[in-house]
>>> print(open('my_file-v5.csv').read())   # CSV, C-alpha atoms
chain,number,residue,atom,x,y,z
T,1,MET,CA,132.1,92.7,73.2
T,2,ALA,CA,131.8,92.1,77.0
T,3,ASP,CA,130.6,95.7,77.5
T,4,GLU,CA,127.9,95.2,74.8
T,5,GLU,CA,126.7,92.0,76.4
T,6,GLU,CA,126.6,93.5,79.9
T,7,ALA,CA,123.0,94.0,81.0
T,8,GLU,CA,121.9,97.5,81.5
T,9,LEU,CA,120.7,98.5,85.0
T,10,SER,CA,116.9,98.5,85.5
T,11,GLU,CA,115.1,101.7,86.5
T,12,LYS,CA,114.6,100.2,90.0
T,13,GLN,CA,118.3,99.6,90.4
T,14,LYS,CA,119.2,103.1,89.2
T,15,LYS,CA,116.7,104.5,91.7
T,16,GLU,CA,118.1,102.5,94.6
T,17,ILE,CA,121.7,103.5,93.7
T,18,ALA,CA,120.6,107.2,93.5
T,19,LYS,CA,118.9,106.8,96.9
T,20,TRP,CA,122.1,105.3,98.4
T,21,PHE,CA,124.2,108.2,97.3
T,22,LEU,CA,121.7,110.7,98.6
T,23,LEU,CA,121.3,109.0,102.0
T,24,ASN,CA,125.0,108.6,102.5
T,25,SER,CA,125.8,112.3,101.7
T,26,PRO,CA,128.0,113.9,104.4
T,27,PRO,CA,126.5,116.5,106.7
T,28,GLY,CA,125.2,119.5,104.8
T,29,GLU,CA,126.2,118.2,101.4
T,30,ILE,CA,123.1,116.4,100.1
T,31,GLN,CA,122.2,119.3,97.8
T,32,PHE,CA,125.6,119.1,96.1
T,33,VAL,CA,125.3,115.3,95.8
T,34,ALA,CA,121.7,115.6,94.5
T,35,LYS,CA,122.9,117.9,91.7
T,36,ASP,CA,125.5,115.4,90.5
T,37,VAL,CA,123.1,112.4,90.9
T,38,LYS,CA,120.5,114.2,88.8
T,39,ALA,CA,123.1,114.8,86.1
T,40,VAL,CA,124.3,111.2,86.1
T,41,ILE,CA,120.8,109.7,86.0
T,42,ASN,CA,119.6,112.1,83.3
T,43,ASP,CA,116.0,111.2,84.0
T,44,ASP,CA,113.9,113.8,85.8
T,45,VAL,CA,111.1,111.4,86.7
T,46,LEU,CA,113.5,108.7,88.1
T,47,TYR,CA,115.5,111.3,90.0
T,48,GLY,CA,112.3,112.8,91.4
T,49,GLU,CA,111.2,109.4,92.8
T,50,ALA,CA,114.6,108.8,94.4
T,51,ALA,CA,114.8,112.3,95.9
T,52,SER,CA,111.2,112.1,97.3
T,53,GLU,CA,112.1,108.9,99.1
T,54,ALA,CA,115.7,109.8,100.2
T,55,PHE,CA,115.4,113.5,101.3
T,56,PRO,CA,112.8,112.9,104.1
T,57,LEU,CA,114.9,110.0,105.6
T,58,TYR,CA,118.1,112.1,105.3
T,59,ASN,CA,116.6,115.2,106.9
T,60,LYS,CA,115.3,113.2,109.9
T,61,SER,CA,118.4,111.1,110.4
T,62,HIS,CA,120.6,114.2,110.3
T,63,LEU,CA,118.2,116.2,112.5
T,64,ILE,CA,118.4,119.2,110.3
T,65,SER,CA,117.0,122.5,111.6
T,66,ILE,CA,114.9,124.8,109.4
T,67,GLU,CA,114.0,128.4,110.1
T,68,MET,CA,110.3,129.1,110.3
T,69,PRO,CA,108.8,132.1,108.6
T,70,GLY,CA,108.6,135.3,110.7
T,71,ARG,CA,111.8,134.4,112.6
T,72,ILE,CA,109.7,132.7,115.3
T,73,GLY,CA,112.3,130.0,115.7
T,74,ASP,CA,113.8,126.9,114.2
T,75,VAL,CA,112.0,123.6,113.8
T,76,ILE,CA,114.0,120.3,114.0
T,77,VAL,CA,113.1,117.7,111.4
T,78,THR,CA,112.9,114.6,113.6
T,79,SER,CA,110.6,111.6,113.9
T,80,TYR,CA,109.8,112.7,117.5
T,81,GLY,CA,108.1,115.8,116.2
T,82,GLU,CA,106.6,114.3,113.0
T,83,LEU,CA,102.9,114.7,112.7
T,84,GLY,CA,102.6,113.9,109.0
T,85,GLU,CA,104.9,113.4,106.0
T,86,THR,CA,105.6,117.2,105.8
T,87,GLU,CA,104.4,118.4,109.2
T,88,PHE,CA,106.7,118.8,112.2
T,89,ILE,CA,105.8,120.4,115.5
T,90,ASP,CA,108.0,122.8,117.5
T,91,PRO,CA,107.0,122.3,121.1
T,92,ARG,CA,108.6,125.5,122.3
T,93,THR,CA,106.4,127.7,120.1
T,94,ALA,CA,103.5,125.3,119.8
T,95,GLN,CA,103.7,125.8,116.0
T,96,VAL,CA,103.5,123.2,113.3
T,97,ALA,CA,105.9,123.7,110.4
T,98,VAL,CA,105.1,122.4,106.9
T,99,ILE,CA,108.4,121.3,105.3
T,100,ASP,CA,109.5,121.0,101.7
T,101,HIS,CA,112.0,118.1,102.2
T,102,ILE,CA,113.8,118.4,98.9
T,103,LYS,CA,114.3,122.2,99.1
T,104,GLN,CA,114.8,121.9,102.9
T,105,VAL,CA,112.7,125.0,103.6
T,106,CYS,CA,109.6,125.7,105.7
T,107,THR,CA,106.7,126.8,103.4
T,108,GLU,CA,104.2,127.7,106.1
T,109,VAL,CA,103.3,127.3,109.8
T,110,ARG,CA,100.1,126.8,111.7
T,111,PRO,CA,99.2,126.7,115.4
T,112,ALA,CA,99.3,123.3,117.0
T,113,LEU,CA,96.0,121.7,117.8
T,114,ASP,CA,95.1,120.9,121.4
T,115,GLU,CA,95.3,117.1,120.7
T,116,GLU,CA,98.8,117.6,119.3
T,117,LEU,CA,100.1,119.1,122.6
T,118,PRO,CA,100.8,117.4,125.9
T,119,SER,CA,98.7,117.8,129.0
T,120,ALA,CA,99.3,120.6,131.4
T,121,TYR,CA,101.0,118.2,133.9
T,122,VAL,CA,103.5,116.8,131.3
T,123,GLU,CA,104.0,120.2,129.7
T,124,GLU,CA,105.2,121.5,133.1
T,125,PHE,CA,108.1,119.0,133.1
T,126,ARG,CA,108.7,119.4,129.3
T,127,CYS,CA,108.9,123.2,129.6
T,128,ALA,CA,111.2,123.2,132.6
T,129,LEU,CA,113.6,120.7,130.9
T,130,ASP,CA,113.4,122.7,127.6
T,131,ALA,CA,114.6,125.8,129.5
T,132,GLU,CA,117.6,124.0,131.1
T,133,ILE,CA,118.6,122.3,127.8
T,134,LEU,CA,118.3,125.5,125.9
T,135,LYS,CA,120.8,127.1,128.4
T,136,TYR,CA,123.2,124.2,128.1
T,137,VAL,CA,123.1,124.1,124.3
T,138,GLY,CA,123.7,127.8,124.2
T,139,GLU,CA,126.9,127.3,126.2
T,140,ALA,CA,128.2,124.1,124.6
T,141,TYR,CA,127.2,124.4,120.9
T,142,PRO,CA,127.3,128.0,119.6
T,143,LYS,CA,125.3,127.1,116.5
T,144,GLY,CA,123.2,124.4,118.1
T,145,VAL,CA,119.5,124.0,118.3
T,146,CYS,CA,117.5,121.8,120.7
T,147,SER,CA,113.9,120.8,121.5
T,148,VAL,CA,112.2,118.6,124.0
T,149,TYR,CA,109.3,116.3,122.9
T,150,CYS,CA,106.9,114.1,124.7
T,151,GLY,CA,107.6,110.6,123.5
T,152,ASN,CA,104.9,108.7,125.4
T,153,GLY,CA,102.1,109.5,127.9
T,154,LYS,CA,101.4,113.0,126.7
T,155,ASP,CA,97.9,112.8,128.0
T,156,MET,CA,98.8,112.0,131.6
T,157,GLU,CA,96.9,114.5,133.8
T,158,GLY,CA,98.8,114.1,137.1
T,159,PRO,CA,101.0,112.0,139.3
T,160,GLY,CA,100.7,108.2,139.4
T,161,PHE,CA,101.5,107.6,135.7
T,162,ASP,CA,104.6,107.1,133.7
T,163,PHE,CA,105.6,109.3,130.7
T,164,GLU,CA,108.6,109.9,128.5
T,165,LEU,CA,110.3,113.1,127.3
T,166,VAL,CA,112.9,113.1,124.5
T,167,VAL,CA,115.7,115.7,124.2
T,168,VAL,CA,117.0,116.3,120.7
T,169,ILE,CA,120.2,118.3,120.2
T,170,SER,CA,121.5,119.2,116.7
T,171,ALA,CA,124.5,121.3,115.9
T,172,ALA,CA,126.1,121.8,112.4
T,173,ARG,CA,128.9,123.7,111.0
T,174,HIS,CA,129.0,123.9,107.2
T,175,SER,CA,132.0,125.5,105.5
T,176,PRO,CA,132.2,124.1,102.0
T,177,GLN,CA,134.3,127.0,100.9
T,178,ASN,CA,136.9,125.7,103.3
T,179,PHE,CA,136.3,122.1,102.3
T,180,CYS,CA,134.9,120.9,105.6
T,181,ASN,CA,131.5,120.2,107.1
T,182,GLY,CA,130.5,118.7,110.4
T,183,SER,CA,127.5,117.9,112.7
T,184,TRP,CA,126.7,116.8,116.2
T,185,ARG,CA,123.5,114.9,116.9
T,186,SER,CA,122.3,113.6,120.3
T,187,VAL,CA,119.0,112.1,121.3
T,188,TRP,CA,118.1,111.5,125.0
T,189,SER,CA,115.0,109.6,126.0
T,190,ILE,CA,114.0,110.1,129.7
T,191,GLU,CA,111.5,107.8,131.2
T,192,PHE,CA,109.7,109.3,134.2
T,193,LYS,CA,108.8,106.2,136.3
T,194,ASP,CA,106.3,107.3,139.0
T,195,GLU,CA,106.0,104.1,140.8
T,196,ILE,CA,109.7,103.7,141.7
T,197,GLN,CA,110.3,107.5,141.6
T,198,MET,CA,113.2,107.2,139.2
T,199,LEU,CA,114.2,108.8,135.9
T,200,GLU,CA,116.0,106.5,133.4
T,201,LEU,CA,118.1,108.2,130.7
T,202,LYS,CA,119.3,106.7,127.5
T,203,GLY,CA,121.5,108.7,125.1
T,204,LYS,CA,122.6,108.2,121.6
T,205,LEU,CA,125.4,110.5,120.4
T,206,GLN,CA,126.7,110.9,116.9
T,207,VAL,CA,129.4,113.0,115.4
T,208,GLY,CA,129.9,113.4,111.6
T,209,ALA,CA,132.7,115.3,109.8
T,210,HIS,CA,133.9,115.6,106.2
T,211,TYR,CA,137.2,117.1,105.1
T,212,PHE,CA,137.8,117.2,101.3
T,213,GLU,CA,140.6,119.5,100.6
T,214,GLU,CA,142.9,117.6,98.2
T,215,GLY,CA,141.5,114.4,99.6
T,216,ASN,CA,138.4,112.8,101.2
T,217,VAL,CA,138.4,112.0,104.9
T,218,GLN,CA,135.2,111.3,106.8
T,219,LEU,CA,134.3,110.7,110.4
T,220,ASP,CA,131.2,108.9,111.6
T,221,ALA,CA,131.4,108.2,115.4
T,222,LYS,CA,128.6,106.9,117.5
T,223,HIS,CA,128.2,106.4,121.3
T,224,GLU,CA,125.4,105.2,123.6
T,225,CYS,CA,125.1,105.8,127.3
T,226,LYS,CA,122.7,105.3,130.2
T,227,ASP,CA,122.1,106.9,133.6
T,228,THR,CA,119.5,107.4,136.3
T,229,THR,CA,118.4,110.0,138.8
T,230,ILE,CA,115.6,110.4,141.3
T,231,PHE,CA,112.1,111.7,140.3
T,232,GLN,CA,111.8,115.2,141.7
T,233,SER,CA,109.8,118.4,141.0
T,234,SER,CA,109.7,119.6,137.4
T,235,GLU,CA,112.4,122.3,138.0
T,236,ASP,CA,114.7,120.0,140.1
T,237,SER,CA,114.3,117.1,137.6
T,238,ALA,CA,115.2,119.4,134.7
T,239,ILE,CA,118.4,120.6,136.4
T,240,ALA,CA,119.4,117.0,137.2
T,241,ILE,CA,118.7,115.8,133.7
T,242,SER,CA,120.6,118.7,132.1
T,243,ASN,CA,123.6,118.1,134.3
T,244,ILE,CA,123.7,114.4,133.4
T,245,ILE,CA,123.5,115.2,129.7
T,246,ARG,CA,126.2,117.8,130.0
T,247,GLN,CA,128.5,115.3,131.9
T,248,HIS,CA,128.1,112.5,129.3
T,249,GLU,CA,128.5,114.7,126.3
T,250,THR,CA,131.5,116.5,127.7
T,251,GLU,CA,133.2,113.2,128.5
T,252,TYR,CA,132.5,111.8,125.0
T,253,LEU,CA,133.8,114.9,123.3
T,254,THR,CA,136.9,114.8,125.5
T,255,SER,CA,137.5,111.2,124.7
T,256,LEU,CA,137.2,111.9,121.0
T,257,GLU,CA,139.7,114.8,121.2
T,258,ALA,CA,142.1,112.6,123.1
T,259,SER,CA,141.9,109.7,120.7
T,260,TYR,CA,142.4,111.8,117.5
T,261,SER,CA,145.2,113.9,119.0
T,262,ASN,CA,147.1,110.6,119.5
T,263,LEU,CA,146.5,109.3,116.0
T,264,PRO,CA,149.9,110.3,114.5
T,265,ASP,CA,151.8,108.6,117.4
T,266,THR,CA,149.8,105.5,117.8
T,267,THR,CA,147.2,104.4,115.2
T,268,PHE,CA,148.9,105.7,112.0
T,269,LYS,CA,152.2,104.1,113.0
T,270,ASP,CA,150.5,100.8,113.7
T,271,LEU,CA,149.1,100.8,110.2
T,272,ARG,CA,152.6,100.3,108.7
T,273,ARG,CA,155.2,97.7,109.1
T,274,LYS,CA,158.4,99.1,110.4
T,275,LEU,CA,160.2,96.4,108.4
T,276,PRO,CA,159.0,94.0,105.6
T,277,VAL,CA,158.4,90.4,106.5
T,278,THR,CA,162.0,89.6,105.6
T,279,ARG,CA,163.0,91.8,108.5
T,280,THR,CA,165.3,93.8,106.3
T,281,LEU,CA,165.0,97.1,104.6
T,282,PHE,CA,164.1,97.1,100.9
T,283,PRO,CA,167.2,97.9,98.8
T,284,TRP,CA,165.8,100.7,96.6
T,285,GLN,CA,169.3,101.4,95.3
T,286,ASN,CA,169.5,98.0,93.6
T,287,THR,CA,166.0,96.9,92.5
T,288,LEU,CA,167.3,94.9,89.5
T,289,GLN,CA,168.1,92.0,91.7
T,290,PHE,CA,164.3,91.4,92.1
T,291,SER,CA,162.2,90.0,89.3
T,292,LEU,CA,158.6,89.0,89.9
T,293,THR,CA,158.5,87.0,86.7
T,294,ARG,CA,161.7,85.1,87.6
T,295,ASP,CA,160.4,84.3,91.1
T,296,ILE,CA,157.1,83.0,89.9
T,297,THR,CA,158.7,80.9,87.2
T,298,LYS,CA,161.0,79.4,89.8
T,299,GLU,CA,158.2,78.7,92.3
T,300,LEU,CA,155.9,77.1,89.7
T,301,GLY,CA,158.7,75.1,87.9
T,302,ILE,CA,157.7,76.6,84.6
T,303,GLY,CA,160.1,75.9,81.7
T,304,LYS,CA,161.6,72.8,83.2
>>> encode(input="my_file-v5.csv", output="structure tokens")
Amino acid sequence: MADEEEAELSEKQKKEIAKWFLLNSPPGEIQFVAKDVKAVINDDVLYGEAASEAFPLYNKSHLISIEMPGRIGDVIVTSYGELGETEFIDPRTAQVAVIDHIKQVCTEVRPALDEELPSAYVEEFRCALDAEILKYVGEAYPKGVCSVYCGNGKDMEGPGFDFELVVVISAARHSPQNFCNGSWRSVWSIEFKDEIQMLELKGKLQVGAHYFEEGNVQLDAKHECKDTTIFQSSEDSAIAISNIIRQHETEYLTSLEASYSNLPDTTFKDLRRKLPVTRTLFPWQNTLQFSLTRDITKELGIGK
């Protein structure tokens, strides 16, 4: 009777629940989750609405990389390179990729327009930094991709003005056949402050992992950091920025490895009592002496 009287979920509620599951899919697993969500909803129109809203957000938050046709390179799906709902620029090749968010493929590319690219002055710094970051990522993340975008001030024509570059690094390792997937995401904003001749760096690092062999264990670790260095030539600034990023990311990875290698001896042991609150071991060999019903009756004075 209670089940019959329970109100059925509205279409809006169903769509929001479907979006939640899609947006919270572990790295590289949204297509598997989407298949199950579609089967559960059993409504193609409702699923299509949920997917069209969730997939773009998921793709951008996970910084997924998609290969462009002709093997000219990979484009990172990020808000820093977003020109439209389905258009994302790759600054290294000066190409704009048209993305099918739900299929997670690039359907076509076009050359970037002049107004979509930074000025020659800003591009000099962007290109130098891109070369250094590309070298670093190739050494640190075997399957990583990276790109350097102009965040603000892309039209600055020369010294005397501030501008901002954004470094985006994305690395993923998907191995569902071995029941594990993982990703590394880092975004660094670098403000070039001409007046005080300083560069201010702010980094956001995120590691995600999912192990699901005979269980379900997920990791979602985040870290933020800041640093500064002096404003130099484009090449010298690029080297200094790359070294700072390398230092902070290496330190964070080292700290993660150390903390998780100590889990069995520290954290996991702290999760359990060494003894019950009675400070005595439970007598498993004689459990008949305990009776929950008898203890509750005695405490509440029932039957007196």
>>> residues_around(input="my_file-v5.csv", residues="Ser234 of chain T", least_positions_apart="5", cutoff="7 Å", atoms="only C-alpha atoms", output="list in words")
Glu124, Phe125 and Ala128 of chain T
>>> atom_distance(input="my_file-v5.csv", atom1="atom CA of Ala94 of chain T", atom2="atom CA of Ala171 of chain T")
21.7 Å
>>> residues_around(input="my_file-v5.csv", residues="Ala238 of chain T", least_positions_apart="2", cutoff="8 Å", atoms="all atoms listed in the file", output="list in words")
Phe125, Ala128, Leu129, Glu132, Ser234, Glu235, Asp236, Ala240, Ile241 and Ser242 of chain T
>>> residues_around(input="my_file-v5.csv", residues="Tyr80 of chain T", least_positions_apart="2", cutoff="8 Å", atoms="only C-alpha atoms", output="list in words")
Thr78, Glu82, Tyr149, Cys150, Gly151 and Val166 of chain T
>>> atom_distance(input="my_file-v5.csv", atom1="atom CA of Ala39 of chain T", atom2="atom CA of Glu53 of chain T")
18.0 Å
>>> closest_residue(input="my_file-v5.csv", among="T:Asp36, T:Glu85, T:Glu249, T:Asp44", to="Lys60 of chain T", atoms="all atoms listed in the file")
T:Glu85
>>> residues_around(input="my_file-v5.csv", residues="Thr229 of chain T", least_positions_apart="2", cutoff="10 Å", atoms="only C-alpha atoms", output="MDAnalysis selection string")
chainID T and resid 192 197:201 227 231:232 237 240:241 244
